[in-house]
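Visitor: Before anything else, here's the structure in question.
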There are 2 protein chains.
Amino acid sequence: MTIHLSQSEDPAFKACSHDYQVNCGNCRLNSICLPLALENDDIQQLDDIIQRSKPLQKNQHLYREGDNFQSVFAVRSGTLKAYKTTDDGREQVTGFYFPGEILGMDGISNNAHASSAKSLETAAICEIPFTALEKLSTLMPNLQRHFFQLMSREITEDQQLITLLSKNSADERVAALMLSISGRNARRKLSATQFRLPMSRVDIGNYLGLTVETVSRVFSRMQKMEVLRVDNKEIEILDQQGLKNMANLGR
Amino acid sequence: MTIHLSQSEDPAFKACSHDYQVNCGNCRLNSICLPLALENDDIQQLDDIIQRSKPLQKNQHLYREGDNFQSVFAVRSGTLKAYKTTDDGREQVTGFYFPGEILGMDGISNNAHASSAKSLETAAICEIPFTALEKLSTLMPNLQRHFFQLMSREITEDQQLITLLSKNSADERVAALMLSISGRNARRKLSATQFRLPMSRVDIGNYLGLTVETVSRVFSRMQKMEVLRVDNKEIEILDQQGLKNMANLGR
DNA sequence: TCGCTAACTTGATTCACATCATGGTGATAC
DNA sequence: GTATCACCATGATGTGAATCAAGTTAGCGA
């Protein structure tokens with residue numbers, strides 16, 4: 001029996017959670033989602049265009065594939081998954097988005113969202129209207145650069161996933177995902193070794209190009225090898241180095 | 001025995017090929033690589049920052065993973081492949097770039113190229129220094145938007161590939177690539193049904209997460225089914241609809 | 001023209017993961 | 001309490017593509 005805090009209850013996010021009075025200046029995540037080089041009044045200007053709407057309930061959509069593209073979004077609390085629906089109706093999860101991360105940028109090219117985004121738990125979201133962001137970017141070179149960088153990062157991360165899917169075994173894929181989540185937790189000053197997975201085994205498998213059964217078996221194997229302790233969605237990394245070896249990515 | 005023109009000999013690219021006097025205003029590819037909404041003198045300004053260096057020989061690198069990031073590049077003639085080297089020394093091809101297409105944007109996020117790019121045949125390249133492009137973008141909102149869109153497109157294309165790798169069979173993957181190349185040829189007013197593959201079977205396999213042997217077998221199968229005529233690198237699409245069915249992507 | 005090498009094809013065998021089948025567990029509703 | 005349902009674990013079996021192993025062909029330099 002384990003007790004766990006959902007991310008939205010996490011004390012580290014008090015100022016950033018479901019609090020409507022939050023702004024970029026006082027948000028604990030701003031070191032992650034904002035360019036460091038912004039001046040205070042620049043932050044104020046950015047803050048002015050950002051809309052903070054009511055929290056998203058679990059399983060609620062933030063946007064759907066094909067929706068008219070208006071905004072990109074920053075996750076303030078909770079976790080979202082982005083996914084595409086293939087023509088034969090199957091689902092491909094293209095990413096998980098944790099607090100401080102930006103999603104929706106794939107909608108820019110066609111003025112329509114190229115994927116759907118749904119929350120895996122109650123989530124608070126900052127909406128950033130894109131035309132306003134574009135205007136602001138022409139005035140604030142640092143902001144423009146920041147968004148170029150954010151999009152570039154999304155590209156390199158997608159390329160990482162492409163490599164993972166194309167070259168790595170089931171064990172390696174799952175290990176890599178656990179390390180990724182661990183690292184993103186660390187960036188938010190949360191435990192890198194103990195966390196609760198916000199997504200189901202189905203979602204993990206879908207993201208990694210594996211079936212549920214395989215994901216389940218990999219977790220069992222890792223547990224037997226004493227690399228991970230797995231209690232349903234609760235994960236503890238017992239052997240960080242072992243996990244890295246298993247991921248076979250060197251990093 | 002088939003006679004084929006390499007892309008650089010293609011009459012459609014007379015003005016855009018290895019001709020050093022070429023500029024954006026007279027380049028036949030500008031409808032592909034430039035924002036349509038640019039005024040003539042805007043094009044001139046863009047033209048002024050673009051550098052046209054001497055042609056790249058086959059197998060020569062345009063940049064390597066880890067190189068300091070300075071510029072993005074537009075392909076004027078020839079074809080390039082982008083690839084990452086995994087830690088255990090294997091190669092993952094992340095994309096092929098045809099005339100009119102832009103590459104190198106994955107280097108923005110870390111100021112270092114995240115992948116290597118090498119030419120598959122003699123190629124002419126336009127180099128676009130990124131800091132100059134950034135400056136120009138603050139002055140020309142259309143240009144800024146264009147680059148946001150280009151990067152967004154790269155993201156959606158990577159997501160397509162992710163889905164392909166994760167959900168589709170060998171046949172479907174190869175069919176999808178053939179359709180992609182066919183479509184990109186059509187965009188450049190070349191034949192959508194007959195073309196020469198600039199890349200080797202190894203590269204195709206590597207890109208699609210398959211071995212050479214599998215790629216070869218798929219081509220043989222397609223030939224037997226009279227969907228494709230395959231003569232080494234020379235491809236003829238005999239049954240467009242059959243190929244689409246085989247790709248199983250609906251589109 | 002010959003010889004060499006890289007690129008490609010094809011067949012036989014193996015293997016990692018999918019698929020199919022079943023049972024367990026925990027949460028929510030009644 | 002127990003019925004129901006979503007989610008997860010695990011075993012048995014099947015299969016598509018990898019691997020291993022020969023060829024064949026095309027391109028290229030001497």
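As shown in the structure tokens, the chain order sets the letters A, B, ...; within each chain, residues go from 1, and ligands are also counted from 1 in the order they appear.
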Would you list, as JSON, numbers by chain, the residues of range 37-202 of chain A that end up in strand (DSSP E) under DSSP run on this structure's backbone?
Guide: {"A": [51, 52, 61, 62, 63, 71, 72, 73, 74, 75, 76, 77, 80, 81, 82, 83, 84, 85, 91, 92, 93, 94, 95, 96, 97, 102, 103, 116, 117, 118, 119, 124, 125, 126, 127, 128, 129, 194, 195, 196]}
Visitor: Do you have, as a Markdown table, the list of residues of chain D lying at most 12 Å from chain B, each with its nearest atom pair and that distance in Å to one decimal, counting only C-alpha atoms (C1' of nucleotides) and ordered by chain then number?
Guide:
| residue | atom | partner | partner_atom | distance |
| --- | --- | --- | --- | --- |
| D:DG16 | C1' | B:Ser169 | CA | 8.3 |
| D:DA17 | C1' | B:Thr214 | CA | 7.2 |
| D:DA18 | C1' | B:Thr211 | CA | 7.4 |
| D:DT19 | C1' | B:Thr211 | CA | 9.7 |
| D:DC20 | C1' | B:Glu213 | CA | 11.5 |
| D:DT25 | C1' | B:Asn232 | CA | 9.7 |
| D:DA26 | C1' | B:Asn232 | CA | 9.2 |
Visitor: Write the residues of the selection above to a file with N, CA and C atoms (P, O5', C5', C4', C3', O3' and C1' of nucleotides), as a PDB file, in the first residue's frame.
Guide:
ATOM      1  P    DG D  16       2.382 -12.713 -40.586  1.00  0.00           P
ATOM      2  O5'  DG D  16       3.164 -11.320 -40.623  1.00  0.00           O
ATOM      3  C5'  DG D  16       3.094 -10.460 -39.488  1.00  0.00           C
ATOM      4  C4'  DG D  16       4.429  -9.779 -39.280  1.00  0.00           C
ATOM      5  C3'  DG D  16       5.125  -9.346 -40.558  1.00  0.00           C
ATOM      6  O3'  DG D  16       5.729  -8.093 -40.277  1.00  0.00           O
ATOM      7  C1'  DG D  16       6.498 -10.902 -39.407  1.00  0.00           C
ATOM      8  P    DA D  17       6.329  -7.188 -41.424  1.00  0.00           P
ATOM      9  O5'  DA D  17       7.882  -7.193 -41.073  1.00  0.00           O
ATOM     10  C5'  DA D  17       8.263  -6.774 -39.762  1.00  0.00           C
ATOM     11  C4'  DA D  17       9.582  -7.378 -39.393  1.00  0.00           C
ATOM     12  C3'  DA D  17      10.745  -7.070 -40.346  1.00  0.00           C
ATOM     13  O3'  DA D  17      11.775  -6.541 -39.563  1.00  0.00           O
ATOM     14  C1'  DA D  17      10.692  -9.368 -39.818  1.00  0.00           C
ATOM     15  P    DA D  18      13.214  -6.142 -40.070  1.00  0.00           P
ATOM     16  O5'  DA D  18      14.152  -7.126 -39.235  1.00  0.00           O
ATOM     17  C5'  DA D  18      14.073  -7.103 -37.817  1.00  0.00           C
ATOM     18  C4'  DA D  18      15.051  -8.096 -37.217  1.00  0.00           C
ATOM     19  C3'  DA D  18      16.496  -7.955 -37.702  1.00  0.00           C
ATOM     20  O3'  DA D  18      17.382  -8.160 -36.612  1.00  0.00           O
ATOM     21  C1'  DA D  18      15.644 -10.097 -38.319  1.00  0.00           C
ATOM     22  P    DT D  19      18.942  -7.973 -36.795  1.00  0.00           P
ATOM     23  O5'  DT D  19      19.463  -9.446 -37.116  1.00  0.00           O
ATOM     24  C5'  DT D  19      19.111 -10.527 -36.255  1.00  0.00           C
ATOM     25  C4'  DT D  19      19.570 -11.823 -36.870  1.00  0.00           C
ATOM     26  C3'  DT D  19      20.993 -11.801 -37.441  1.00  0.00           C
ATOM     27  O3'  DT D  19      21.702 -12.870 -36.833  1.00  0.00           O
ATOM     28  C1'  DT D  19      19.486 -12.780 -38.969  1.00  0.00           C
ATOM     29  P    DC D  20      23.298 -13.014 -37.035  1.00  0.00           P
ATOM     30  O5'  DC D  20      23.403 -14.186 -38.121  1.00  0.00           O
ATOM     31  C5'  DC D  20      22.680 -15.396 -37.906  1.00  0.00           C
ATOM     32  C4'  DC D  20      22.758 -16.280 -39.137  1.00  0.00           C
ATOM     33  C3'  DC D  20      24.128 -16.275 -39.840  1.00  0.00           C
ATOM     34  O3'  DC D  20      24.437 -17.626 -40.167  1.00  0.00           O
ATOM     35  C1'  DC D  20      22.426 -15.818 -41.381  1.00  0.00           C
ATOM     36  P    DT D  25      22.604 -11.993 -62.593  1.00  0.00           P
ATOM     37  O5'  DT D  25      22.864 -10.460 -62.235  1.00  0.00           O
ATOM     38  C5'  DT D  25      21.882  -9.762 -61.490  1.00  0.00           C
ATOM     39  C4'  DT D  25      22.382  -8.361 -61.234  1.00  0.00           C
ATOM     40  C3'  DT D  25      22.972  -7.664 -62.462  1.00  0.00           C
ATOM     41  O3'  DT D  25      22.305  -6.426 -62.605  1.00  0.00           O
ATOM     42  C1'  DT D  25      24.437  -7.490 -60.608  1.00  0.00           C
ATOM     43  P    DA D  26      22.581  -5.450 -63.793  1.00  0.00           P
ATOM     44  O5'  DA D  26      23.428  -4.331 -63.043  1.00  0.00           O
ATOM     45  C5'  DA D  26      22.930  -3.798 -61.820  1.00  0.00           C
ATOM     46  C4'  DA D  26      23.865  -2.720 -61.343  1.00  0.00           C
ATOM     47  C3'  DA D  26      24.414  -1.821 -62.453  1.00  0.00           C
ATOM     48  O3'  DA D  26      24.361  -0.482 -61.979  1.00  0.00           O
ATOM     49  C1'  DA D  26      26.208  -2.857 -61.289  1.00  0.00           C
TER      50       DA D  26
END
Visitor: Report, in Å with one decimal, the straight-line distance from CA of Glu236 in chain A to CA of Gly78 in chain A.
Guide: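 Atom-to-atom, CA of Glu236 in chain A to CA of Gly78 in chain A, that is 19.7 Å.
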Visitor: Could I get the residues of range 39-73 of chain B with an atom no further than 10 Å from an atom of range 142-162 of chain B, each paired with its nearest atom pair and that distance in Å to one decimal, using only C-alpha atoms, sorted by chain and residue number, as CSV?
Guide:
residue,atom,partner,partner_atom,distance
B:Glu39,CA,B:Asn142,CA,9.8
B:Asp42,CA,B:Leu143,CA,9.1
B:Ile43,CA,B:Leu143,CA,9.8
B:Leu46,CA,B:Leu143,CA,9.1
Visitor: Run DSSP on the backbone and give me the residues of range 10-247 of chain A it puts in helix (DSSP H, G or I), as a ChimeraX atom specification.
Guide: /A:11-16,30-33,40-49,105-107,130-139,141-167,170-187,201-208,212-224,240-247
Visitor: At a cut-off of 8 Å, list the chain C residues touching chain B, using only C-alpha atoms (C1' of nucleotides), as a list in words.
Guide: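 Within 8 Å of chain B on chain C, we get DA7, DC8 and DT9 of chain C.
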Visitor: For the residues selected in the previous step, produce a file with C-alpha atoms (C1' of nucleotides) as a PDB file, in the first residue's frame.
Guide:
ATOM      1  C1'  DA C   7      24.846  -2.725 -53.630  1.00  0.00           C
ATOM      2  C1'  DC C   8      21.171  -5.634 -54.176  1.00  0.00           C
ATOM      3  C1'  DT C   9      18.360 -10.087 -54.227  1.00  0.00           C
TER       4       DT C   9
END
Visitor: Compare A:Arg196, A:Arg28, A:Arg90, A:Arg64 by their minimum atom-to-atom distance to chain B, counting only C-alpha atoms, and give me the closest one.
Guide: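 Using only C-alpha atoms, chain B sits closest to A:Arg90.
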Visitor: Restricting the calculation to only C-alpha atoms, which member of A:Ile32, A:Met140, A:Leu177, A:Met222 is positioned closest to chain B?
Guide: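 Looking only at the distances to chain B, the closest residue turns out to be A:Met140.
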Visitor: So, counting only C-alpha atoms, which residue among B:Tyr207, B:Tyr97, B:Phe73, B:Phe219 is closest to chain A?
Guide: B:Tyr207
Visitor: Taking only C-alpha atoms into account, name the residue in A:Arg221, A:Lys244, A:Lys233, A:Lys135 that is nearest to chain B.
Guide: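 Comparing A:Arg221, A:Lys244, A:Lys233, A:Lys135 against chain B, the winner is A:Lys135.
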Visitor: With only C-alpha atoms (C1' of nucleotides) as the counted atoms, please give the residues lying no more than 12 Å from DA21 in chain C, apart from itself and same-chain residues fewer than 6 positions off, as a PyMOL selection string.
Guide: chain D and resi 10-13
Visitor: Please save C-alpha atoms (C1' of nucleotides) of the selected residues as a compact mmCIF listing (two decimals), in the first residue's frame.
Guide:
# COMPACT_ATOMS: atom_id res chain seq x y z
C1' DT D 10 0.98 -13.90 -17.10
C1' DG D 11 0.96 -18.15 -19.80
C1' DA D 12 0.57 -20.55 -24.55
C1' DT D 13 0.90 -20.01 -29.33
Visitor: Find the residue from B:Leu80, B:Ala247, B:Ala132, B:Ala114 that sits nearest to chain A; use only C-alpha atoms when measuring.
Guide: B:Ala114
Visitor: Please report the interatomic distance between CA of Gln45 in chain B and CA of Ser71 in chain B in Å with one decimal.
Guide: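 We find that CA of Gln45 in chain B and CA of Ser71 in chain B lie 16.6 Å from each other.
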Visitor: Can you list, as a ChimeraX atom specification, every protein, DNA or RNA residue that comes within 7 Å of Ser53 in chain A when you count only C-alpha atoms (C1' of nucleotides), leaving out same-chain residues fewer than 2 positions away?
Guide: /A:51,55,125
